Every structure is written in C-alpha cells, then in structure tokens.
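Note sheet for the following structure.
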Amino acid sequence: MRHIISLLLENEPGALSRVVGLFSARGYNIETLTVAPTEDKSLSRLTIVTTGSDDVIEQITKHLNRLIDVVKVVDLTESAYIERELMLIKVRAIGKEREEIKRMADIFRGRVIDVTDKSYTIELTGDGTKLDAFIDALDRSAILETVRTGASGIARGERVLKA
Amino acid sequence: MELSGAEIVVRCLQEEGVEHVFGYPGGSVLFIYDAIFKQEKFQHILVRHEQAAVHAADAYSRSTQKVGVCLVTSGPGVTNAVTGIATAYMDSIPMIILSGQVPTHAIGQDAFQECDTVGITRPCVKHNFLVKSVKDLAETMKKAFHIATTGRPGPVLVDIPKDVTRDKCRFEYPKTVEMRSYNPVVKGHQGQIKKALQLLMQAQRPMIYTGGGVILSNAAPELNKFADLLGFPVTNTLMGLGGFRASDRKFVGMPGMHGTYEANMAMQHCDVLIAIGARFDDRVIGDPKHFAQNPHKIIHIDVDPSSISKRVKVDVPIVGDVRETLVDLTSLIEQQFASGSRTDEAAVAAWWKQIDEWRTKDCLRYDKKSELIKPQFVVEKLWEVTKGDAFITSDVGQHQMWAAQFYRFDKPRRWINSGGLGTMGVGLPYAMGVKMAHPDAQVACITGEGSIQMCIQELSTCKQYHLPVKIVNLNNRYLGMVRQWQQIEYGSRYSESYMDALPDFVKLAEAYGHVGIRVESPHDVEPALRDAFGKYKDRLVFLDILTDQKENVWPMVQGGKGLTEMLLSSEDL
C-alpha cells in the first residue's frame, strides 16, 4: 500500500539525514521525498511517499517519532488528503510537433514556460498519476529532460499538522 | 566570568555529578585534558584503547544508576569508540560520549585526524550533536544528559571542535531543558492497565516475561512484588537477569536460544503472557510464526512504542515507564485481592504442575564426574565462592551463556554483558567500569581465550588504577560458540574456529604485574577461586582454566527454528 507520511522536523543541520538514514537502515522504501522550511523557519515540513504493509507503516511512523529532531508525524493516507507534485519537462518541439505539444499541455492544464525554436519547457502540476499520464501521452523520443519534485501533501478540511 | 569551552565541558560534568570519566587524549581534546588537569572533582581513567573507554563507561552505567561518561579524540579516537557506542546503543545504556573534532574552519577539509563523527555514529546513538559555537556548549551538554537518561535510555555523543574548546563565553548551566520534539511518556495509559489486570486475573496459564527494561528502569523490587503477589512463573531474558530473584521457585530460568526447557515451553504454551521491558527478539522467541501458532493473549509494557508489535502482535500494549506501570498494575491487583477477587488459582496450580513436570527434564544437566573441567562447574563454583553476590561481567560466546545459566542472579545490575550487539572483548573493560563504580565489591569477568584477547591491553589499565578484578578464562582452545554451530550446522567442519598459538596467559598476566594461575583439573578449580578472592584479594588474578574442548551449550534452539524445537544434548544431534 502507498502511504504519504508528513512530518515536522527541527530545521537543523543533519536532521534530514537522520530521517533518510532511518529508512535505509531499516530497509524501508522512499519513493519520493520533499522538504522545505515552513512559515516557522525553525521547522521543516517533509512529505515522504512510501509503500509497505500496515505493520511496516506502523513501524515507520513509530521509528520516525523516536527521532529526537522529529516534532510531529502523521500518515496523511489515514484520512482525506490532497497531494500535488510539480513537473518541469523539456520536450522536442519542431515543425508540426509544436502545435500538438502545446495542445497536449493545454489538455493537462500545463503551461509552456520556456521556448526555443527546437523545444518547449512545460510546467505541470497534479498528483503523480496525472504527471505519469502526461508523460505517457507524449512521444517518448520527444522528451529531452524531466524533473519532478515528488509529492507534497496536506490534509483536507480543518485537520492541521502543527508543532 | 568567562570560561573556555574546555572549562565549560568540565564544569558541566561536575554539575551533572560525574565522578569518573574514561578516556584517551589526543590532539583535538588537549584543551579539555588541560582543564581536567586543573580540577579534582572527577577522576579520569586512562585506558589503553578507546573501545575500552566506552565499554568501561557503559558498564559503569549498567552497574549503577549513573551515567557513564567517556572522552575520546577526533578521527581514530572516535572510530575506535564506535564498537563500544553500538554495544551500548543495542542495550539502551545511558551514557555520554564526548569526542574531539578538528577546528570548525577545518571541518570538511580532510584535516589530520578528521572524520565525520556525527555521520559515522548516527545510526548507533540515541542522538548526537556537533557543537559549532562555545555559546551552545552548556545547553547541548544539558540536553545530552537529558536525552541519554530519559525515555528509552541510550548513548548520546557530543562532538566538540577544538576551537570551541578554546573560545570563551559566560558559563551558566541550565537547570532544566525543554524540547518540543522530545517528551517521552512516563505514565502508562490507565485504561490499558485495567485491561491488563483483567487478562491477568482470568489467566489459566500465565507467564511473566521480563527483559532489560526492568533493570534500566530500576523496577526489580516492583517486579518481585508483582510476581510474588500473583504467584505466576517468571522468566528473565539475558538482559533481564537479576530483575527477578533467580533463587525463587517461581523463576523458571532464561528463555530463548539457550534458555531452559521449562522457560521455553512455558513461553510457548501460556495463555496470557505479560512482557515487561522485553522486546521479543530473535534470540528469545525464535521464529515468530512458530511462536504465534499457540494462541496467547499478550500484554506488553515498554517505554518505547517502536518495540511494541514489532515482531509479535500484542493485544494490550502499554507505553510507559516499566516501574511506574508496575506500581500502578500492582496496586490494582492489591485492590482486587482486598475486595475478595482471586486469580484462577486451580488453573494456575495445574499450570505449575505442568511446569514442574517440564523441570524434571533437568535441561541444564552436565557430566559432574568428568575428568575434564566442565565450564558449567566452574561457574557454579564461582557462584559458591562469591556467595552469589559478585558482579559478573562476561564476553560473548559459550562462556557467556554458561554464566547466564549457572550464576543465579538475585539482584539487578549484577550481570553485565553485551546482549544485543554481542561484542567480544567487552568483558575486561566491563569489569574495570564496574570496579571503578563499586571498589569494595567482588568483580569477576567470565571470558574465553578468544574474547579476552580482543581487549587484553586493558590489563595495563587495571595495573595503573589498581583494579583487582578476577578473570575467569574458560579456555577451551576453540572459538567455542562458533565451533558448536559448525558441529551442529556445518558438518563439523571447524573452519577457523581453532585458536592456535595461544599465549601463556599466566606469564602474560605476570608481565602486566598481575597474578596468573593455571587450572588443569576439576579438583583445583575451587581452591584457585578461593585464592583469587582470598589470598590474592587485592590483586588482579587471571585464572586460565583449561576446560573440556568439546562441551556445548544446551539447550539450543537453532537459528530460525521455533522456540520449542530445542536440542537438549548431543544425543539430539
């Protein structure tokens, strides 16, 4: 099962490596990881996408909680949540491809943010499956470069993750 | 008045009431050693290898309720210490490791004796710090002691660059420490404790299974009271020995790979199991699937939520300090008894009958008439000679298991061994740490000729600080546990498990200024032990005891097997 774990971490040198080290030391997966400071500069917010059985996820959250620098941990997938990921993708755009790729980007609500006479760079936001779908819709050979941020997540409604 | 960072380190240790620091100097910690030279509140013990400094501080902590402290230099000083730190971490021992670091401006430059200390030690400490400014030093030290000693205890490392020890600032030691990210639970959930009470009152085949958590939370008196009140059988893990008195009839021995037949059978066949400060590890319950074949209701008390439902699903988890929770649970039981409720006494009596029948297997039997010295016999004699009241350290291997099986511990913190990491070489430095903490107590190190050579250099430290510990070397000229596994699982192909070219341990002990005695016959065991603790009371005595080379530790549950799939003797092979 795919889970999205959100955590608040003391924004200190080495804190991130404790989280990452825990995953590698205990053999847990990290599919994606995003991290940035919050409105409170002393805290970082992490979103980790991982997979595992319920037992494994329970152990992951317990072990994360055990880290001294971890302030709060929540498994977003336990209730309603929203996730978004940003992708920047550079594609070959020559001749009639230009029109077609532009149209495709529009369908996926992407935006062309950089142009040369041979390429487009497109910005696209959504959950991971939407970004996958866009990639699948393109001619593979046209893709020059892809960069994805990994998922960021937040709970729906009034549930908040606060220190 | 402003103090240098080095002086602040010393003052912090004094504020924490530290009396002994085990360490080894080097370039990055010279300011600290200079500050130590100018003070008299704590004693520094100079070891011969940093690994031993950590082990000694670790045992100092294990044998007291105090925090062990050690001090090492940067680079190789730290890397040598890593084995000791990992050993303490696996057994949740509260201790502080102070390490020197190259000056802040040199960090990352591949400076002489530089290593990424925080990175290297991260997976084997409860927490670690790199202090980048002298202004942060006192608060970091306070946090380090707080983290090491609260919740599930553990080693905490403070890495201090040389310029930080030279820089000056005002010193004020914080009285308290607040951390929003660290607030360990102390009190168990009352609703859960009531659920546990119900299960215990209804139990027909109850079993009390306790581990190192009982020792660490100083809950031995509470555990004894709890078990006495209920009259249920008790087993203590390797880390929990002494938590419940071994001389009591309710004690069924240690469980696990080399546990007693009755303990393992009772663990498997009980209907209500209360695990207290124990973690169902692989050496204790064997294959968890096999363990789960018999239906148990499991109550699990532990201060660390991540220890609960890790290998075995539990029915009533209670997160909290073991001692506090036992106090709460015991007072509820007393209330029940006062109101006339009883446990299921008839069923428990029948359960005891079953356990007594298992006991008739006499699973720890060995050949008492042997012409060769049986290692079990030596441990039994040691128990007699020391009246069961010594501090016993051990190394790792067969001798460790025999010590655990045959030295019957009635008190906590008397049995000092590396249970989790299984570190050969701890025995002698452990004995040093214990002797520093308890100068008037009898301290013996039960070891083997393999393990003792891993930290043998510490005989020199023992001479310098006059530490008259007794080394009981069960010398079978084999890496015994390796040999045993090779015999049982690898077709008796004894690959690299024979120790050729052993030193003359008697002469070696003498060369270090100690007493060496070789024992070659069963008749000489007791007199030699009596001499060690009598005639040579004030000397370190190295007893080199030539034991039966082929003796094995029984019972044995082979790796990956179920807990009751025990081999009881060579005849089962």
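Letters for chains follow the order of the structure tokens (A, B, ...), residue numbers begin at 1 for each chain, and ligand numbers begin at 1 in the order shown.
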
Inset, instruction - Among the residues of segment 7-40 of chain A, find those DSSP assigns to alpha helix (DSSP H) from the backbone and print them as a VMD selection string. - result: chain A and resid 15 to 25

Take the residues from that selection and write them out as a CSV table (one decimal), in the first residue's frame, keeping C-alpha atoms.
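Final output, out34.csv:
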```
chain,number,residue,atom,x,y,z
A,15,ALA,CA,18.2,16.4,10.8
A,16,LEU,CA,17.2,15.3,7.3
A,17,SER,CA,20.0,12.7,7.2
A,18,ARG,CA,18.5,11.1,10.4
A,19,VAL,CA,15.2,10.6,8.6
A,20,VAL,CA,16.8,9.3,5.4
A,21,GLY,CA,19.2,7.1,7.4
A,22,LEU,CA,16.3,5.5,9.3
A,23,PHE,CA,14.7,4.4,6.1
A,24,SER,CA,17.9,2.9,4.7
A,25,ALA,CA,19.0,1.3,7.9
```

Give one line per residue of chain B that approaches chain A to at most 12 Å, naming the two atoms of the closest pair and their distance in Å to one decimal, counting only C-alpha atoms; sort by chain then ascending residue number and deliver it as a tab-separated table.
```
residue	atom	partner	partner_atom	distance
B:Asp116	CA	A:Gly14	CA	11.4
B:Thr117	CA	A:Gly14	CA	11.8
B:Val118	CA	A:Gly14	CA	8.4
B:Gly119	CA	A:Gly14	CA	8.3
B:Ile120	CA	A:Gly21	CA	11.1
B:Thr121	CA	A:Arg18	CA	10.9
B:Arg122	CA	A:Arg18	CA	7.2
B:Pro123	CA	A:Gly21	CA	7.3
B:Cys124	CA	A:Ala25	CA	10.6
B:Val125	CA	A:Leu67	CA	10.6
B:Lys126	CA	A:Ile68	CA	8.0
B:His127	CA	A:Ile68	CA	6.7
B:Asn128	CA	A:Ile68	CA	9.5
B:Phe129	CA	A:Gly14	CA	9.3
B:Leu130	CA	A:Pro13	CA	9.2
B:Val131	CA	A:Pro13	CA	11.1
B:Lys132	CA	A:Pro13	CA	10.8
B:Lys143	CA	A:Ile68	CA	10.8
B:Ala144	CA	A:Ile68	CA	11.0
B:His146	CA	A:Ile68	CA	11.6
B:Ile147	CA	A:Ile68	CA	8.4
B:Ala148	CA	A:Ile68	CA	11.1
B:Thr150	CA	A:Ile68	CA	11.9
B:Gly151	CA	A:Arg66	CA	9.9
B:Arg152	CA	A:Arg66	CA	9.6
B:Pro153	CA	A:Arg66	CA	11.7
B:Gly154	CA	A:Ile68	CA	12.0
B:Val156	CA	A:Ile68	CA	11.1
B:Met179	CA	A:Ile68	CA	8.9
B:Arg180	CA	A:Val71	CA	6.6
B:Ser181	CA	A:Val71	CA	4.1
B:Tyr182	CA	A:Ile68	CA	5.8
B:Asn183	CA	A:Ile68	CA	9.3
B:Pro184	CA	A:Arg66	CA	9.1
B:Val185	CA	A:Arg66	CA	11.5
B:Val303	CA	A:Arg66	CA	11.0
B:Asp304	CA	A:Arg66	CA	8.1
B:Pro305	CA	A:Lys62	CA	6.4
B:Ser306	CA	A:Lys62	CA	5.1
B:Ser307	CA	A:Gln59	CA	8.8
B:Ile308	CA	A:Gln59	CA	9.1
B:Ser309	CA	A:Asp55	CA	8.2
B:Lys310	CA	A:Gln59	CA	7.0
B:Arg311	CA	A:Asp55	CA	9.6
B:Val312	CA	A:Asp55	CA	10.5
B:Lys313	CA	A:Asp55	CA	9.4
B:Val319	CA	A:Lys62	CA	11.9
```

Legend entry - Interatomic distance (Å, one decimal) between atom CA of Phe31 of chain B and atom CA of Lys162 of chain B: 7.6 Å

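By only C-alpha atoms, and with residues fewer than 6 positions from segment 115-121 of chain A along its chain excluded, the set lying at most 8 Å from it is Leu88, Ile89, Lys90, Val91, Arg92, Ala93 and Ile94 of chain A.
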
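Minimum atom-to-atom distance to Glu31 of chain A, evaluated using only C-alpha atoms, belongs to A:Thr47 out of A:Thr77, A:Thr47, A:Ser6, A:Thr146.
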
Legend entry - Within 9 Å of Gly480 of chain B using only C-alpha atoms, minus same-chain residues under 2 positions, as a PyMOL selection string: chain B and resi 397-399+448+450+476-478+482-485+497-498+549-552

Output file for the residues above (C-alpha atoms, as a PDB file, in the first residue's frame):
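Once written, out.pdb looks like this:
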```
ATOM      1  CA  GLY B 397      30.153 -16.854  23.301  1.00  0.00           C
ATOM      2  CA  GLN B 398      29.627 -20.142  25.095  1.00  0.00           C
ATOM      3  CA  HIS B 399      31.042 -18.871  28.374  1.00  0.00           C
ATOM      4  CA  GLY B 448      37.124 -17.200  26.931  1.00  0.00           C
ATOM      5  CA  GLY B 450      39.082 -15.745  22.163  1.00  0.00           C
ATOM      6  CA  ASN B 476      38.837 -24.481  25.550  1.00  0.00           C
ATOM      7  CA  ARG B 477      41.274 -23.588  22.770  1.00  0.00           C
ATOM      8  CA  TYR B 478      38.321 -23.054  20.428  1.00  0.00           C
ATOM      9  CA  VAL B 482      31.455 -20.892  16.502  1.00  0.00           C
ATOM     10  CA  ARG B 483      32.732 -24.437  16.931  1.00  0.00           C
ATOM     11  CA  GLN B 484      29.360 -25.514  18.356  1.00  0.00           C
ATOM     12  CA  TRP B 485      27.441 -24.099  15.371  1.00  0.00           C
ATOM     13  CA  SER B 497      37.487 -21.697  14.927  1.00  0.00           C
ATOM     14  CA  TYR B 498      40.581 -23.240  16.464  1.00  0.00           C
ATOM     15  CA  GLN B 549      37.144 -28.616  24.472  1.00  0.00           C
ATOM     16  CA  LYS B 550      34.007 -30.284  23.175  1.00  0.00           C
ATOM     17  CA  GLU B 551      31.426 -29.088  25.680  1.00  0.00           C
ATOM     18  CA  ASN B 552      28.348 -27.489  24.131  1.00  0.00           C
TER      19      ASN B 552
END
```

Inset, instruction - Find the residues around Arg283 of chain B up to 10 Å (only C-alpha atoms counted), leave out those fewer than 4 positions away in its own chain, and share them as a PyMOL selection string. - result: chain B and resi 237-238+255-259+287+419-420+557-560+563

Legend entry - Atom-to-atom span, atom CA of Val553 of chain B and atom CA of Pro206 of chain B, Å: 27.9 Å

Legend entry - Non-local contacts of Met432 of chain B (7 Å; only C-alpha atoms; under 4 positions in same chain excluded) as number ranges by chain: B: 56, 428, 436, 462, 467

Legend entry - Interatomic distance, atom CA of Ser152 of chain A to atom CA of Ile113 of chain A (Å, one decimal): 21.6 Å

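Among A:Ile82, A:Ile30, A:Ile154, A:Leu138, the residue with the shortest atom-to-atom distance to Ala105 of chain A, counting only C-alpha atoms, is A:Leu138.
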
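The residues of segment 483-532 of chain B that DSSP assigns to strand (DSSP E or B) on this backbone come out as Tyr498, Val515, Gly516, Ile517, Arg518 and Val519 of chain B.
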
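Nearest-residue note for Asp548 of chain B: choosing from B:Cys363, B:Ile299, B:Met401, B:Leu372, the minimum distance belongs to B:Leu372, counting only C-alpha atoms.
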